[in-house]
Amino acid sequence: MSTTSTTESSDQTGSLIHHGSTTTASSDDAKLLMSASSSDDLFGRAKELRVMQHGINNLFKEYERENSNDGQRLHPRNTVRTLMLISGLSGCGKSALAMHFEQQCLDRHGFFVSGKFDLQQMDEPFAGIKVAMVQLCQQILSLPRKDDDTDIQHAAQDKTIDPRHFGYLRRHLLHAMSSDEFYILSQVIPNVMGIINSSIDQVTSNMIMSSQTATAAASVSQDNNSLSAVSTTSMSSHATASSASSAATASNGERKHIGTANLNHGKPRKKHTKRNSTTTNKGGFKEQSEGLKFVLKRFIQIVCNYCPLVIVADDIQWADQASLDLLESWMMDSNNTSLMVVGCYRSNVVHGEDKKNGDGGNSEIGTNAIHPVQRVITSLESSKRDRCFRISQIEVGNLSHDDIIELLAKTLAIPTSSSSASTSAPTDVQHGTTTGQDIPGLASIVADKTSGNPFFIQQYLQSLVQHRLLNFDTATMQWIWDTAEITNKSPATTSIGEMMTHKLKESDYARYVLPVAACIGATFSKTTVSGLIRALSIHSDHSTFFRALFETEMSTRMYLDASNINSAFHNCQKEGFIVVAATRNNKNEDDPKGQSARMTTKKKRRPKRGSEDSRQDQYSFAHDKVQEAALALIPQEKLSELRYRVGEVLLSVFSKDELEAKMFTVASLLNSRLDLVPSQQHKAERRKRIVSLNYKAGVKAMTCSAFASALAYLQTAMKLLPPDHWHTDFQLSMDIYSTAAECAFIIPKTELMHKYCTTIIHLDCPVLKKMRAYHILMDASSVQVTNNPVKNPVKLGFDVLSQLECKFPKTNGGRTFNILTNLIKIKMQSSKWTKETFLELPISKSATDAATTKMLDKFSTELYFADPDILPMGILKNFHLTQKRGLTAYSPPAFAAMGLIFAALFGDYKTAEMLGEVAIEMLDRLDMQAPESRTKLVTYCTVFHWMKPMRSITKEFPHVYQTGMATGDVETAMHILLFGFEMSFISGEQVNVAAERALSNSKIMKDMQKKNFYDMMDMYWEAMRNLQGVSMHTTTIVGESFDEAAILTNETKGKNEMFLKLTTLGVKVVLASIFSEYQTGADILTDQFDVAMKQLLGHCRVYLWTSFGGICCYAAAHQQSSKRHKYLKVARKCRKLLKQWSSQGNPNCPHMVKMLDAEEYWYRGKTTKAITTYHHAVELSKENKFTQYQALANERLGMLLYECNGGRDSSAAILCFNEALQLYEEWGATKKVEQLQAQLRHTYL
């Protein structure tokens, strides 16, 4: 019973009991005890509560301050991210502490959600995360709303929407995420589609379905499925979470791409032609899993920017690796401005502590291996300073003797003053027993029996009532007991696990239904369990085992009718073994009813919509220990067989949607006894269903990044295949082996991957069936691992294409001749090309064409890095194939690459631009998203910059990045970040902004574990620190995150090292030009020029090499006579290239041309022309806002004027130097400003 004070508790307890003699019905006393002790106050947790409250206050402080100032949300705030780790033994009240602040957070207009992980469902990806995210969407959908909040047009454009309303957050979600991303999100959060539905009724309907899903708790897809009527052949099915998602999608019509924007840039994203989900190319499983993780991160970013979000992740010691990785990424993400993650875990499991935890056991992991949770904690501890988040750790121990006294006093409604009185308690003469005033005496017994474990205390008190050692006297309205009798007669249990097992054994009802329920998981439906029991009792395959198990092993008679099963559930609930799931969601998991460690008044909660009747079918175990005890009732040798048989029944009776929702549970049950899987010919179809289920579970696990679990499911499927499976079940076998190969590649387990791929490749079947294996091998070739079995990806590509009837010359001479003749032909044909020439090509329906163009695309990528000399061969072949046979999914990147050839090899930039535009327009026509980000990467970064200002190109990059991440094309997304930085830097971005961008990009790349990218970004960051003066160096790039010596002094072993080395050298050339160390830059350029121009084919980095490098070479030629000819030769090559680019309309280099023209005139002694040309260079740089070039041009002009006047009248030179100083300062090159000032003082003044 809820109370506001001890006195009030006593009064209320008395009002509920009739006067009379001592109660003899122990079950009524137990119910009274449970009711009287229901509480939300935490005993003995004052210190822990202060730590939690401090964290909550910090989370809300910044939000409440800004919200009170202007009432606006969703604008940048100081980032507040906190990881609150609550550890302790089972039953100590971890969850109670975590959930204690739920109502406070809701009252302060934040979001508070929770999800629990389950020991029986550890292989289920995102199990607890899904529950929490469904709750989050419920709370979003429950925000106050106006009638027009659901109108998409209004929500997207109206700037006056009240920020407290649903429409305000919805507007920003629609603005920042596409419909494709919402669809991806719906695979984890079914009710998220309710946010974009266009009517109130649809939103409400969707929320009701999701509400039912949420109440199931602790299950990935919730137990929203049920067995409503069981016979030997069929059972009816209910709607599932996945069907709710389908209904939401269907009610919204075809998924349309909503006009969106990147939240950080405020620029509306371009609308696209609607993409049908059935035709969208989803890419590989790695891409799908990366896309899902990115969209989940994006969703949380937007919500956290709206208001503070608290996510309680309970029992994370049982979380899958994908969930732990996601929680870690949320904490590392600085875009999550107001986020607290509360992680509760059993300390003896995670830390391997040898402690008595109330169940008579030691650590629950039997090895010395580091627990995954500990690895995540260690990783976050090492990153918290750099990533600017807090970590707080709370260890929840057992209750002290004084805490137990206080708990018993409030639970038994005895005033505190009485409870602390002398232990010489008065004796009730009438009854001859010790009265309830001897709380200290009872507390001593309780402490001795339970070690102060709150949940153990709760169960122990109930046990005393059940054994009539603790009774409520209705005559005196007091609880009475005899301490001596309790000492002598109370149950002799030494652990909570032992006590729970003992209590369950005493209950026929519990022994009958709970073991079957425990096989399903922590949450289950009554309909499902009752249906299972009936099926196991009736079906000829199972009835003998089931009856023998329950009648012989457990001495329990069978209850076959619905009324008895309902009675069993009712009694189990009355005895406190199970609770209605909806109730449990609002309770403490370690102490679900609050009977042992808390006491509060019930508070009014935010109303939730949904059907209460539907929730009554959903139950949860009151505590993990109850579930464990229920499983312990079955002898170990019989338990695995029971689990298998439960799985078989579920497999046979679940509908397709129900099986989809409970796929991992059913697969796990069946896999517990593989030897029982039927091998008889007449049962082959049943075996095939189990094989198929494991395959589908593996596929689903891979999409959620649970690759280790996925591989286990797939290997199980392999084991169950019949010996002649390649003949009887070819396609299923091919799917299993191909998926397992891809999974092994991702993990990575290279040898296993190669084994599966080799098995496929050696099959006697058409090459099209083997393409997936070939692609996996091609991908594996680019990964640097020990003993990589794929040594030569180019040779492999030639072999596969040959099998596809795509022939190439076999000799180097033949290949060179082939390239030259085809280039000549294609150049001659190009004069007749128009956009319509290509956009009107038919779409090929040939599977061979699709496979060939896809392989050519991958082959060309390998050539770009491994052998650029023959790169045009692959591109030309793909281009010709499209012209001849029609468009395929990989035609757009082929056209983009052809644009690169016309730009880089022919210097025909207008044709290159046209081909790039055709490639982008093809994407909409083909209605496929997979190649979109890569097509745009090639087009924007290697084609368009020859004809368009780089500033205008980089405006498109946020969308391309988000598309790449959402589709899992992380490699392309990382390239976009890198190229975006480089183009912005070349375009004159301020040094401090560039440094912040480099640091931010590096963090993202490190999160994605892309070392080759973050090495480059760290190098750029250190270079910016050189310019800022943070580093003591000028042209040497070395610091806390990067050391050039490791790259430049070692021999390059691969393509990544080659590009990092060239990029580093290019940046050193820039720094040498800025810091006037011209000979350093000239030496680098003359030594690496030819290699750089070849490797940087079409890359914007060529501007850095040619412009800054050209300056260095011209300036060094003035100073160094011995290398003058060598420097001039390279300088003039740079000038020639820049002039060629500029002559065709390149808007990014006219100022560069003028600077090198001026240097040429200066070298030739034509000083007047040199001065005039440098003035033109200054004006062009200023006009186009190339600040660093404008500063450098002024500095070089100052040097020229000073030299012309022989150092006598240097006023004109000083004006130029001062202008250069101002511009360098504006650019942010503080160290250069200091250097130039020193030169002015010592040389020019």
# chains A, B, ... in the order shown; residues from 1 in each chain; ligands from 1
$ closest_atom_pairs --of "region 1093-1163 of chain A" --to "region 867-890 of chain A" --cutoff "12 Å" --atoms "only C-alpha atoms" --output "CSV"
residue,atom,partner,partner_atom,distance
A:Met1093,CA,A:Pro868,CA,11.3
A:Lys1094,CA,A:Pro868,CA,7.7
A:Gln1095,CA,A:Pro868,CA,7.4
A:Leu1096,CA,A:Pro868,CA,10.0
A:Leu1097,CA,A:Pro868,CA,8.6
A:Gly1098,CA,A:Pro868,CA,12.0
$ select_by_dssp --residues "region 469-546 of chain A" --states "alpha helix (DSSP H)" --output "ChimeraX atom specification"
/A:483-489,496-505,508-520,526-538,543-546
$ write_last_selection --atoms "N, CA and C atoms" --output "short mmCIF file (atom, residue, chain, number, x, y, z; two decimals), in the first residue's frame"
data_model
loop_
_atom_site.label_atom_id
_atom_site.label_comp_id
_atom_site.auth_asym_id
_atom_site.auth_seq_id
_atom_site.Cartn_x
_atom_site.Cartn_y
_atom_site.Cartn_z
N THR A 483 10.54 -14.18 17.82
CA THR A 483 11.88 -14.24 17.26
C THR A 483 12.54 -15.60 17.46
N ALA A 484 12.27 -16.23 18.61
CA ALA A 484 12.86 -17.55 18.86
C ALA A 484 12.29 -18.57 17.88
N GLU A 485 10.97 -18.49 17.65
CA GLU A 485 10.34 -19.43 16.72
C GLU A 485 10.85 -19.22 15.30
N ILE A 486 11.03 -17.97 14.93
CA ILE A 486 11.56 -17.67 13.59
C ILE A 486 12.97 -18.23 13.44
N THR A 487 13.76 -18.06 14.50
CA THR A 487 15.13 -18.56 14.45
C THR A 487 15.16 -20.07 14.26
N ASN A 488 14.23 -20.75 14.94
CA ASN A 488 14.24 -22.21 14.91
C ASN A 488 13.54 -22.81 13.70
N LYS A 489 12.50 -22.13 13.18
CA LYS A 489 11.66 -22.75 12.18
C LYS A 489 11.70 -22.11 10.79
N ILE A 496 19.33 -16.51 -2.26
CA ILE A 496 18.05 -16.14 -2.84
C ILE A 496 17.62 -17.16 -3.89
N GLY A 497 18.60 -17.68 -4.65
CA GLY A 497 18.28 -18.69 -5.65
C GLY A 497 17.69 -19.94 -5.02
N GLU A 498 18.30 -20.38 -3.93
CA GLU A 498 17.82 -21.57 -3.24
C GLU A 498 16.43 -21.33 -2.67
N MET A 499 16.21 -20.15 -2.11
CA MET A 499 14.89 -19.84 -1.56
C MET A 499 13.82 -19.82 -2.64
N MET A 500 14.11 -19.19 -3.78
CA MET A 500 13.12 -19.12 -4.85
C MET A 500 12.78 -20.51 -5.37
N THR A 501 13.80 -21.35 -5.52
CA THR A 501 13.55 -22.71 -5.98
C THR A 501 12.66 -23.45 -4.99
N HIS A 502 12.93 -23.28 -3.71
CA HIS A 502 12.13 -23.92 -2.67
C HIS A 502 10.69 -23.44 -2.71
N LYS A 503 10.49 -22.15 -2.89
CA LYS A 503 9.13 -21.60 -2.94
C LYS A 503 8.36 -22.11 -4.15
N LEU A 504 9.04 -22.19 -5.30
CA LEU A 504 8.36 -22.68 -6.50
C LEU A 504 7.99 -24.15 -6.36
N LYS A 505 8.85 -24.92 -5.71
CA LYS A 505 8.55 -26.35 -5.53
C LYS A 505 7.32 -26.56 -4.65
N ASP A 508 2.11 -26.03 -6.75
CA ASP A 508 1.75 -26.82 -7.94
C ASP A 508 1.58 -25.92 -9.15
N TYR A 509 0.97 -24.78 -8.92
CA TYR A 509 0.73 -23.85 -10.03
C TYR A 509 2.04 -23.41 -10.68
N ALA A 510 2.99 -23.01 -9.84
CA ALA A 510 4.27 -22.52 -10.36
C ALA A 510 5.01 -23.63 -11.09
N ARG A 511 5.04 -24.83 -10.51
CA ARG A 511 5.75 -25.95 -11.14
C ARG A 511 5.14 -26.28 -12.49
N TYR A 512 3.88 -25.96 -12.65
CA TYR A 512 3.19 -26.35 -13.87
C TYR A 512 3.44 -25.39 -15.03
N VAL A 513 3.33 -24.09 -14.79
CA VAL A 513 3.39 -23.14 -15.91
C VAL A 513 4.72 -22.40 -16.05
N LEU A 514 5.42 -22.19 -14.93
CA LEU A 514 6.57 -21.29 -15.01
C LEU A 514 7.77 -21.87 -15.76
N PRO A 515 8.09 -23.17 -15.68
CA PRO A 515 9.22 -23.66 -16.48
C PRO A 515 9.01 -23.47 -17.99
N VAL A 516 7.77 -23.68 -18.45
CA VAL A 516 7.50 -23.46 -19.87
C VAL A 516 7.63 -21.99 -20.20
N ALA A 517 7.09 -21.12 -19.32
CA ALA A 517 7.19 -19.68 -19.56
C ALA A 517 8.64 -19.23 -19.55
N ALA A 518 9.45 -19.80 -18.65
CA ALA A 518 10.85 -19.39 -18.54
C ALA A 518 11.64 -19.75 -19.79
N CYS A 519 11.23 -20.78 -20.49
CA CYS A 519 11.91 -21.15 -21.74
C CYS A 519 11.76 -20.04 -22.79
N ILE A 520 10.63 -19.33 -22.75
CA ILE A 520 10.37 -18.28 -23.75
C ILE A 520 11.21 -17.05 -23.47
N LYS A 526 0.23 -15.03 -21.58
CA LYS A 526 -0.50 -16.16 -21.02
C LYS A 526 -1.05 -17.06 -22.13
N THR A 527 -1.52 -16.44 -23.20
CA THR A 527 -2.07 -17.21 -24.31
C THR A 527 -1.01 -18.10 -24.93
N THR A 528 0.20 -17.57 -25.09
CA THR A 528 1.28 -18.36 -25.66
C THR A 528 1.62 -19.55 -24.77
N VAL A 529 1.78 -19.31 -23.47
CA VAL A 529 2.17 -20.38 -22.55
C VAL A 529 1.09 -21.44 -22.46
N SER A 530 -0.17 -21.02 -22.33
CA SER A 530 -1.26 -21.99 -22.24
C SER A 530 -1.37 -22.79 -23.54
N GLY A 531 -1.20 -22.13 -24.66
CA GLY A 531 -1.22 -22.84 -25.94
C GLY A 531 -0.09 -23.84 -26.04
N LEU A 532 1.09 -23.45 -25.57
CA LEU A 532 2.23 -24.36 -25.58
C LEU A 532 1.96 -25.60 -24.73
N ILE A 533 1.44 -25.39 -23.54
CA ILE A 533 1.18 -26.52 -22.64
C ILE A 533 0.18 -27.48 -23.26
N ARG A 534 -0.87 -26.93 -23.87
CA ARG A 534 -1.86 -27.79 -24.51
C ARG A 534 -1.23 -28.57 -25.67
N ALA A 535 -0.44 -27.88 -26.47
CA ALA A 535 0.18 -28.54 -27.62
C ALA A 535 1.15 -29.62 -27.18
N LEU A 536 1.98 -29.32 -26.17
CA LEU A 536 2.93 -30.31 -25.67
C LEU A 536 2.22 -31.51 -25.05
N SER A 537 1.04 -31.28 -24.50
CA SER A 537 0.30 -32.36 -23.86
C SER A 537 -0.42 -33.24 -24.86
N ILE A 538 -0.82 -32.66 -26.00
CA ILE A 538 -1.66 -33.36 -26.96
C ILE A 538 -0.88 -33.98 -28.11
N SER A 543 3.86 -35.44 -26.29
CA SER A 543 3.03 -35.70 -25.11
C SER A 543 3.68 -36.68 -24.14
N THR A 544 4.31 -37.72 -24.67
CA THR A 544 4.92 -38.72 -23.78
C THR A 544 6.01 -38.08 -22.92
N PHE A 545 6.90 -37.34 -23.57
CA PHE A 545 7.97 -36.66 -22.83
C PHE A 545 7.40 -35.67 -21.82
N PHE A 546 6.43 -34.88 -22.26
CA PHE A 546 5.92 -33.79 -21.42
C PHE A 546 5.18 -34.34 -20.20
#
$ residues_around --residues "region 374-389 of chain A" --least-positions-apart "2" --cutoff "7 Å" --atoms "only C-alpha atoms" --output "list in words"
Val80, Arg81, Thr82, Glu328, Met332, Ser334, Val350, Ile370, His371, Pro372 and Ile391 of chain A
$ closest_atom_pairs --of "region 997-1044 of chain A" --to "region 967-973 of chain A" --cutoff "10 Å" --atoms "only C-alpha atoms" --output "JSON lines"
{"residue": "A:Met1005", "atom": "CA", "partner": "A:Val970", "partner_atom": "CA", "distance": 9.3}
{"residue": "A:Met1008", "atom": "CA", "partner": "A:Val970", "partner_atom": "CA", "distance": 7.7}
{"residue": "A:Lys1010", "atom": "CA", "partner": "A:Glu971", "partner_atom": "CA", "distance": 8.1}
{"residue": "A:Phe1013", "atom": "CA", "partner": "A:Glu971", "partner_atom": "CA", "distance": 9.1}
$ write_last_selection --atoms "N, CA and C atoms" --output "PDB file, in the first residue's frame"
ATOM      1  N   MET A1005      35.846   9.418 -37.861  1.00  0.00           N
ATOM      2  CA  MET A1005      36.584   8.352 -38.546  1.00  0.00           C
ATOM      3  C   MET A1005      37.105   7.318 -37.551  1.00  0.00           C
ATOM      4  N   MET A1008      34.368   5.062 -36.629  1.00  0.00           N
ATOM      5  CA  MET A1008      34.144   4.093 -37.711  1.00  0.00           C
ATOM      6  C   MET A1008      35.328   3.150 -37.912  1.00  0.00           C
ATOM      7  N   LYS A1010      38.262   3.737 -39.172  1.00  0.00           N
ATOM      8  CA  LYS A1010      38.856   3.894 -40.500  1.00  0.00           C
ATOM      9  C   LYS A1010      40.223   4.577 -40.349  1.00  0.00           C
ATOM     10  N   PHE A1013      41.832   6.914 -42.983  1.00  0.00           N
ATOM     11  CA  PHE A1013      41.219   8.238 -43.077  1.00  0.00           C
ATOM     12  C   PHE A1013      41.591   9.114 -41.886  1.00  0.00           C
TER      13      PHE A1013
END
$ residues_around --residues "Lys948 (chain A)" --least-positions-apart "5" --cutoff "10 Å" --atoms "only C-alpha atoms" --output "list in words"
Glu913, Tyr940, Val943, Ile953, Gly1145, Asn1146, Pro1147 and Asn1148 of chain A
$ write_last_selection --atoms "all heavy atoms" --output "PDB file, in the first residue's frame"
ATOM      1  N   GLU A 913      31.810  17.483 -67.404  1.00  0.00           N
ATOM      2  CA  GLU A 913      30.714  18.009 -66.599  1.00  0.00           C
ATOM      3  C   GLU A 913      29.377  17.416 -67.050  1.00  0.00           C
ATOM      4  O   GLU A 913      28.540  17.036 -66.225  1.00  0.00           O
ATOM      5  CB  GLU A 913      30.677  19.537 -66.708  1.00  0.00           C
ATOM      6  CG  GLU A 913      29.605  20.184 -65.847  1.00  0.00           C
ATOM      7  CD  GLU A 913      29.588  21.695 -66.013  1.00  0.00           C
ATOM      8  OE1 GLU A 913      30.031  22.183 -67.080  1.00  0.00           O
ATOM      9  OE2 GLU A 913      29.128  22.381 -65.094  1.00  0.00           O
ATOM     10  N   TYR A 940      31.415  14.846 -57.827  1.00  0.00           N
ATOM     11  CA  TYR A 940      31.709  16.104 -57.146  1.00  0.00           C
ATOM     12  C   TYR A 940      33.206  16.306 -56.924  1.00  0.00           C
ATOM     13  O   TYR A 940      33.711  17.429 -57.034  1.00  0.00           O
ATOM     14  CB  TYR A 940      30.991  16.166 -55.798  1.00  0.00           C
ATOM     15  CG  TYR A 940      29.488  16.286 -55.883  1.00  0.00           C
ATOM     16  CD1 TYR A 940      28.662  15.771 -54.881  1.00  0.00           C
ATOM     17  CD2 TYR A 940      28.876  16.908 -56.963  1.00  0.00           C
ATOM     18  CE1 TYR A 940      27.285  15.879 -54.949  1.00  0.00           C
ATOM     19  CE2 TYR A 940      27.495  17.016 -57.037  1.00  0.00           C
ATOM     20  CZ  TYR A 940      26.704  16.494 -56.028  1.00  0.00           C
ATOM     21  OH  TYR A 940      25.352  16.601 -56.107  1.00  0.00           O
ATOM     22  N   VAL A 943      35.241  15.521 -60.893  1.00  0.00           N
ATOM     23  CA  VAL A 943      34.737  16.039 -62.171  1.00  0.00           C
ATOM     24  C   VAL A 943      34.277  17.490 -62.054  1.00  0.00           C
ATOM     25  O   VAL A 943      34.770  18.377 -62.764  1.00  0.00           O
ATOM     26  CB  VAL A 943      33.573  15.154 -62.705  1.00  0.00           C
ATOM     27  CG1 VAL A 943      33.017  15.736 -64.004  1.00  0.00           C
ATOM     28  CG2 VAL A 943      34.048  13.717 -62.916  1.00  0.00           C
ATOM     29  N   ILE A 953      30.186  23.249 -54.527  1.00  0.00           N
ATOM     30  CA  ILE A 953      30.179  21.781 -54.521  1.00  0.00           C
ATOM     31  C   ILE A 953      30.077  21.259 -53.087  1.00  0.00           C
ATOM     32  O   ILE A 953      29.315  20.338 -52.799  1.00  0.00           O
ATOM     33  CB  ILE A 953      31.445  21.232 -55.205  1.00  0.00           C
ATOM     34  CG1 ILE A 953      31.463  21.633 -56.674  1.00  0.00           C
ATOM     35  CG2 ILE A 953      31.521  19.711 -55.066  1.00  0.00           C
ATOM     36  CD1 ILE A 953      32.769  21.305 -57.380  1.00  0.00           C
ATOM     37  N   GLY A1145      37.711  27.388 -68.374  1.00  0.00           N
ATOM     38  CA  GLY A1145      36.643  27.898 -67.523  1.00  0.00           C
ATOM     39  C   GLY A1145      36.670  27.430 -66.087  1.00  0.00           C
ATOM     40  O   GLY A1145      35.677  27.601 -65.367  1.00  0.00           O
ATOM     41  N   ASN A1146      37.771  26.867 -65.636  1.00  0.00           N
ATOM     42  CA  ASN A1146      37.867  26.442 -64.236  1.00  0.00           C
ATOM     43  C   ASN A1146      37.862  27.683 -63.342  1.00  0.00           C
ATOM     44  O   ASN A1146      38.773  28.519 -63.428  1.00  0.00           O
ATOM     45  CB  ASN A1146      39.157  25.647 -64.033  1.00  0.00           C
ATOM     46  CG  ASN A1146      39.248  25.023 -62.640  1.00  0.00           C
ATOM     47  OD1 ASN A1146      38.818  25.599 -61.655  1.00  0.00           O
ATOM     48  ND2 ASN A1146      39.828  23.835 -62.586  1.00  0.00           N
ATOM     49  N   PRO A1147      36.867  27.825 -62.469  1.00  0.00           N
ATOM     50  CA  PRO A1147      36.774  29.044 -61.646  1.00  0.00           C
ATOM     51  C   PRO A1147      37.652  29.007 -60.401  1.00  0.00           C
ATOM     52  O   PRO A1147      37.701  29.994 -59.661  1.00  0.00           O
ATOM     53  CB  PRO A1147      35.296  29.066 -61.252  1.00  0.00           C
ATOM     54  CG  PRO A1147      34.920  27.619 -61.182  1.00  0.00           C
ATOM     55  CD  PRO A1147      35.732  26.910 -62.234  1.00  0.00           C
ATOM     56  N   ASN A1148      38.334  27.868 -60.156  1.00  0.00           N
ATOM     57  CA  ASN A1148      39.073  27.714 -58.907  1.00  0.00           C
ATOM     58  C   ASN A1148      40.560  28.043 -59.008  1.00  0.00           C
ATOM     59  O   ASN A1148      41.247  28.041 -57.990  1.00  0.00           O
ATOM     60  CB  ASN A1148      38.934  26.261 -58.403  1.00  0.00           C
ATOM     61  CG  ASN A1148      37.494  25.897 -58.104  1.00  0.00           C
ATOM     62  OD1 ASN A1148      36.863  26.514 -57.252  1.00  0.00           O
ATOM     63  ND2 ASN A1148      36.966  24.919 -58.830  1.00  0.00           N
TER      64      ASN A1148
END
$ atom_distance --atom1 "CA of Pro892 (chain A)" --atom2 "CA of Thr821 (chain A)"
23.6 Å
$ residues_around --residues "Glu917 (chain A)" --least-positions-apart "2" --cutoff "12 Å" --atoms "only C-alpha atoms" --output "ChimeraX atom specification"
/A:834-836,838-839,892-893,895-899,910-915,919-924,935-936,938-940,943-944,947
$ residues_around --residues "Thr703 (chain A)" --least-positions-apart "4" --cutoff "8 Å" --atoms "only C-alpha atoms" --output "ChimeraX atom specification"
/A:285-286,288-289,292,699
$ write_last_selection --atoms "N, CA, C and O atoms" --output "short mmCIF file (atom, residue, chain, number, x, y, z; two decimals), in the first residue's frame"
data_model
loop_
_atom_site.label_atom_id
_atom_site.label_comp_id
_atom_site.auth_asym_id
_atom_site.auth_seq_id
_atom_site.Cartn_x
_atom_site.Cartn_y
_atom_site.Cartn_z
N PHE A 285 25.54 -6.86 -46.21
CA PHE A 285 25.09 -6.84 -44.82
C PHE A 285 25.89 -5.83 -44.00
O PHE A 285 25.35 -5.21 -43.09
N LYS A 286 27.16 -5.68 -44.31
CA LYS A 286 27.95 -4.70 -43.58
C LYS A 286 27.40 -3.30 -43.82
O LYS A 286 27.29 -2.49 -42.88
N GLN A 288 24.31 -2.55 -44.65
CA GLN A 288 23.02 -2.43 -43.99
C GLN A 288 23.18 -2.19 -42.49
O GLN A 288 22.48 -1.36 -41.91
N SER A 289 24.10 -2.91 -41.85
CA SER A 289 24.29 -2.74 -40.42
C SER A 289 24.86 -1.37 -40.09
O SER A 289 24.45 -0.73 -39.12
N LEU A 292 22.04 1.15 -40.39
CA LEU A 292 21.14 1.12 -39.25
C LEU A 292 21.74 1.84 -38.05
O LEU A 292 21.07 2.63 -37.38
N VAL A 699 20.78 -13.87 -40.94
CA VAL A 699 20.63 -12.68 -41.78
C VAL A 699 20.16 -11.50 -40.95
O VAL A 699 20.71 -10.39 -41.04
#
$ closest_residue --among "A:Leu42, A:Ala904, A:Leu1201, A:Ala1023" --to "Thr1036 (chain A)" --atoms "only C-alpha atoms"
A:Ala1023
